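J.: One structure follows; several queries about it will come next.
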Amino acid sequence: MTDYAVLIIAPFIGSFLGTVILRLPHGQSVVSGRSVCDSCRATLRWFELIPLLSWAAQRGRCRRCGARLGLFYPVIELGALAVAVWAVAVTGGWLTVVSVLLGWWLLALAVIDWRHFLLPDLLTLPLIPLGLAAVYAFGHQSLPDAGLGAVLGLAVFWAIAAVYRKLRGREGLGFGDAKLAAGAGAWLGWFGLPSMVLIASLTALAWAVSANRRQGTLDWQAKVPFGSFLCLGFWITWLHGPLGFAIR
Ligand SMILES: [Zn+2]
C-alpha cells in the first residue's frame, strides 16, 4: 500500500524538489510564489502543473507564448520517480517511506551541488538529527555507532578540506561536504562512511575521465561537484549496506 502511494506521489515531490533546487540557492521562499512561465510570466494553471503529463501534453512548450519549457522539471520529476522505484524494490513498509524521503532529500542536495558547487546548511545539517531519529526508530544500528559516525564524518572531512586548502591554496573539498558526511555518519553509522567515500570517489573519477574524454583534454584542475557523488554513495550505502559486510 505504502509502495503505491510512494510511487504515485513521487513525480509531484519531484516538482516540489525542482522548485527547491531553483530557489533555495538564491535564498527565495520555496513555499510562496506561484509558478510562472519564464518567458511570458503568465501564471501556470493547475492542469499545466501536473508532473510529466502536462509537459508531454504541451510538447515541452508554454501554452500561451510557445516558449520551450526546458527539460529541468521533467528530469527532476523522473529522478524523484527513479528514487521511489529503487527504494520500493529494495525495502518494504515504513523503511520504504523513510528511505524514499532520504532519497528525495539527497536528490535535491545532489542537483544543487551539481549546479552551484554548494551544499546549503539548510539541507545538510538537518540530516544529522533526522539520521539519529531514524536509527532510534528502526534500530538498524546502535545510537553510539550513529553518533560516532556523525562526529567522524565531520572531523575527517573537515580535516581533509582544511589540509587541501592549505596545500593547494583553493577549495577542493568544501566544508559543506563535511556537514553532509556528518549527516551520512548519523544515518549509516561510522562503518558506512568508507563505503560512501569509495563509491563517491570511483563514480566521480569515472565522471571526470569521461568528461575529459569528451572535451579531448585532461584537466585535473577542473572543479568536481563531489557533494553530488557523496549523495550517490550515501544513498547506495543506505539501501544496500556497506561494501564488504552487511549491516542488515
Ligand atoms: Zn509563456
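Every chain in the C-alpha cells has a letter given in the order shown (A, B, ...), and although residue numbers restart at 1 in each chain, ligands are simply numbered from 1 in the order shown.
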Apply DSSP to the structure's backbone, then extract all residues of segment 172-246 of chain A labelled helix (DSSP H, G or I) and return them as a CSV table (one decimal) with N, CA and C atoms, in the first residue's frame.
T.:
```
chain,number,residue,atom,x,y,z
A,175,PHE,N,33.5,22.7,3.0
A,175,PHE,CA,33.0,22.4,4.4
A,175,PHE,C,31.6,21.9,4.3
A,176,GLY,N,30.9,22.2,3.2
A,176,GLY,CA,29.5,21.6,3.1
A,176,GLY,C,29.6,20.1,3.0
A,177,ASP,N,30.7,19.6,2.3
A,177,ASP,CA,30.9,18.1,2.2
A,177,ASP,C,31.0,17.5,3.6
A,178,ALA,N,31.7,18.3,4.5
A,178,ALA,CA,32.0,17.7,5.9
A,178,ALA,C,30.6,17.6,6.6
A,179,LYS,N,29.8,18.6,6.4
A,179,LYS,CA,28.4,18.6,7.1
A,179,LYS,C,27.6,17.5,6.5
A,180,LEU,N,27.7,17.3,5.2
A,180,LEU,CA,27.0,16.2,4.6
A,180,LEU,C,27.5,14.8,5.1
A,181,ALA,N,28.8,14.7,5.2
A,181,ALA,CA,29.4,13.5,5.7
A,181,ALA,C,29.0,13.2,7.2
A,182,ALA,N,28.8,14.3,8.0
A,182,ALA,CA,28.3,14.1,9.3
A,182,ALA,C,26.9,13.5,9.3
A,183,GLY,N,26.0,14.0,8.4
A,183,GLY,CA,24.7,13.5,8.2
A,183,GLY,C,24.7,12.0,7.8
A,184,ALA,N,25.6,11.7,6.9
A,184,ALA,CA,25.7,10.4,6.4
A,184,ALA,C,26.2,9.4,7.5
A,185,GLY,N,27.1,9.9,8.4
A,185,GLY,CA,27.6,9.1,9.5
A,185,GLY,C,26.4,8.8,10.5
A,186,ALA,N,25.5,9.8,10.7
A,186,ALA,CA,24.4,9.5,11.5
A,186,ALA,C,23.4,8.5,11.0
A,187,TRP,N,23.2,8.5,9.7
A,187,TRP,CA,22.3,7.6,9.0
A,187,TRP,C,22.9,6.2,8.9
A,188,LEU,N,24.2,6.2,8.5
A,188,LEU,CA,24.8,4.9,8.1
A,188,LEU,C,25.6,4.3,9.2
A,190,TRP,N,29.3,4.8,11.6
A,190,TRP,CA,30.7,5.1,11.2
A,190,TRP,C,31.2,4.1,10.2
A,191,PHE,N,30.7,2.9,10.3
A,191,PHE,CA,31.2,1.8,9.3
A,191,PHE,C,30.6,2.0,7.9
A,192,GLY,N,29.7,2.9,7.8
A,192,GLY,CA,29.1,3.1,6.4
A,192,GLY,C,29.9,4.2,5.7
A,193,LEU,N,30.7,5.0,6.4
A,193,LEU,CA,31.5,6.1,5.8
A,193,LEU,C,32.5,5.6,4.7
A,194,PRO,N,33.3,4.6,5.0
A,194,PRO,CA,34.3,4.2,3.9
A,194,PRO,C,33.6,3.8,2.6
A,195,SER,N,32.5,3.1,2.7
A,195,SER,CA,31.7,2.7,1.5
A,195,SER,C,31.2,3.9,0.8
A,196,MET,N,30.7,4.9,1.5
A,196,MET,CA,30.2,6.1,0.9
A,196,MET,C,31.3,6.8,0.1
A,197,VAL,N,32.4,6.9,0.8
A,197,VAL,CA,33.5,7.7,0.2
A,197,VAL,C,34.1,6.9,-1.0
A,198,LEU,N,34.2,5.6,-0.9
A,198,LEU,CA,34.7,4.8,-2.0
A,198,LEU,C,33.8,4.9,-3.3
A,199,ILE,N,32.4,4.7,-3.0
A,199,ILE,CA,31.5,4.8,-4.2
A,199,ILE,C,31.6,6.2,-4.8
A,200,ALA,N,31.6,7.3,-3.9
A,200,ALA,CA,31.7,8.6,-4.4
A,200,ALA,C,32.9,8.9,-5.2
A,201,SER,N,34.1,8.4,-4.7
A,201,SER,CA,35.3,8.6,-5.4
A,201,SER,C,35.4,8.0,-6.7
A,202,LEU,N,34.9,6.7,-6.8
A,202,LEU,CA,35.0,5.9,-8.0
A,202,LEU,C,34.1,6.5,-9.1
A,203,THR,N,32.8,6.9,-8.7
A,203,THR,CA,31.9,7.5,-9.7
A,203,THR,C,32.4,8.9,-10.1
A,204,ALA,N,33.0,9.6,-9.2
A,204,ALA,CA,33.5,11.0,-9.5
A,204,ALA,C,34.6,10.8,-10.5
A,205,LEU,N,35.5,9.9,-10.3
A,205,LEU,CA,36.6,9.6,-11.1
A,205,LEU,C,36.2,9.2,-12.5
A,206,ALA,N,35.2,8.3,-12.6
A,206,ALA,CA,34.6,7.8,-13.9
A,206,ALA,C,34.0,9.0,-14.6
A,207,TRP,N,33.3,9.9,-13.9
A,207,TRP,CA,32.7,11.0,-14.5
A,207,TRP,C,33.8,12.0,-15.0
A,208,ALA,N,34.8,12.2,-14.2
A,208,ALA,CA,35.9,13.2,-14.6
A,208,ALA,C,36.6,12.7,-15.9
A,209,VAL,N,36.9,11.4,-15.9
A,209,VAL,CA,37.6,10.8,-17.1
A,209,VAL,C,36.7,10.9,-18.3
A,210,SER,N,35.4,10.6,-18.2
A,210,SER,CA,34.5,10.6,-19.4
A,210,SER,C,34.3,12.1,-19.8
A,211,ALA,N,34.2,13.0,-18.9
A,211,ALA,CA,34.1,14.4,-19.2
A,211,ALA,C,35.3,14.9,-19.9
A,212,ASN,N,36.5,14.5,-19.5
A,212,ASN,CA,37.7,14.9,-20.1
A,212,ASN,C,37.9,14.4,-21.5
A,213,ARG,N,37.4,13.1,-21.7
A,213,ARG,CA,37.5,12.5,-23.0
A,213,ARG,C,36.6,13.2,-24.0
A,214,ARG,N,35.4,13.7,-23.5
A,214,ARG,CA,34.5,14.4,-24.4
A,214,ARG,C,35.2,15.7,-24.9
A,215,GLN,N,35.9,16.4,-23.9
A,215,GLN,CA,36.5,17.6,-24.2
A,215,GLN,C,37.8,17.5,-24.9
A,226,PHE,N,31.8,17.2,-5.9
A,226,PHE,CA,32.0,16.0,-5.2
A,226,PHE,C,30.8,15.7,-4.3
A,227,GLY,N,30.1,16.7,-3.8
A,227,GLY,CA,29.0,16.5,-2.9
A,227,GLY,C,27.9,15.7,-3.6
A,228,SER,N,27.7,15.9,-4.9
A,228,SER,CA,26.7,15.1,-5.7
A,228,SER,C,27.1,13.6,-5.6
A,229,PHE,N,28.3,13.3,-5.8
A,229,PHE,CA,28.8,11.9,-5.8
A,229,PHE,C,28.7,11.4,-4.3
A,230,LEU,N,28.9,12.2,-3.3
A,230,LEU,CA,28.8,11.8,-1.9
A,230,LEU,C,27.3,11.4,-1.7
A,231,CYS,N,26.4,12.2,-2.3
A,231,CYS,CA,24.9,11.9,-2.1
A,231,CYS,C,24.6,10.5,-2.7
A,232,LEU,N,25.2,10.2,-3.9
A,232,LEU,CA,25.0,8.9,-4.5
A,232,LEU,C,25.6,7.8,-3.6
A,233,GLY,N,26.8,8.0,-3.1
A,233,GLY,CA,27.4,7.0,-2.2
A,233,GLY,C,26.6,6.8,-1.0
A,234,PHE,N,26.1,7.8,-0.4
A,234,PHE,CA,25.3,7.8,0.8
A,234,PHE,C,24.0,7.0,0.5
A,235,TRP,N,23.4,7.3,-0.6
A,235,TRP,CA,22.1,6.6,-1.0
A,235,TRP,C,22.3,5.1,-1.2
A,236,ILE,N,23.4,4.7,-2.0
A,236,ILE,CA,23.6,3.3,-2.3
A,236,ILE,C,24.0,2.6,-1.0
A,237,THR,N,24.8,3.2,-0.1
A,237,THR,CA,25.2,2.5,1.1
A,237,THR,C,24.0,2.4,2.0
A,238,TRP,N,23.1,3.4,2.1
A,238,TRP,CA,21.9,3.3,2.9
A,238,TRP,C,21.0,2.1,2.4
A,239,LEU,N,20.8,1.9,1.1
A,239,LEU,CA,19.9,0.9,0.6
A,239,LEU,C,20.6,-0.5,0.6
A,240,HIS,N,21.8,-0.5,0.3
A,240,HIS,CA,22.5,-1.8,0.0
A,240,HIS,C,23.5,-2.3,1.1
```
J.: Hey, what's within 9 Å of Gly174 of chain A if we count only C-alpha atoms and toss same-chain stuff fewer than 5 positions away? As a PyMOL selection string, please?
T.: chain A and resi 117-119+157-158+161-162+226-227
J.: Go through A:Val98, A:Leu148, A:Leu49, A:Ala159 one by one, measure the shortest atom-to-atom distance of each to Leu130 of chain A using only C-alpha atoms, and give the residue with the smallest value.
T.: A:Val98
J.: Could you check the closest approach to ligand 1 for each of A:Leu106, A:Cys62, A:Leu125, A:Val111 and tell me which residue wins, using only C-alpha atoms and all ligand atoms?
T.: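 Distance minimum relative to ligand 1 lands on A:Cys62.
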J.: So that I can check the surroundings of segment 69-78 of chain A, please list as a PyMOL selection string every protein, DNA and RNA residue that reaches within 8 Å of it, counting only C-alpha atoms and ignoring chain neighbours fewer than 6 positions away.
T.: chain A and resi 10-15+17-18+37+51-52+55+60-62
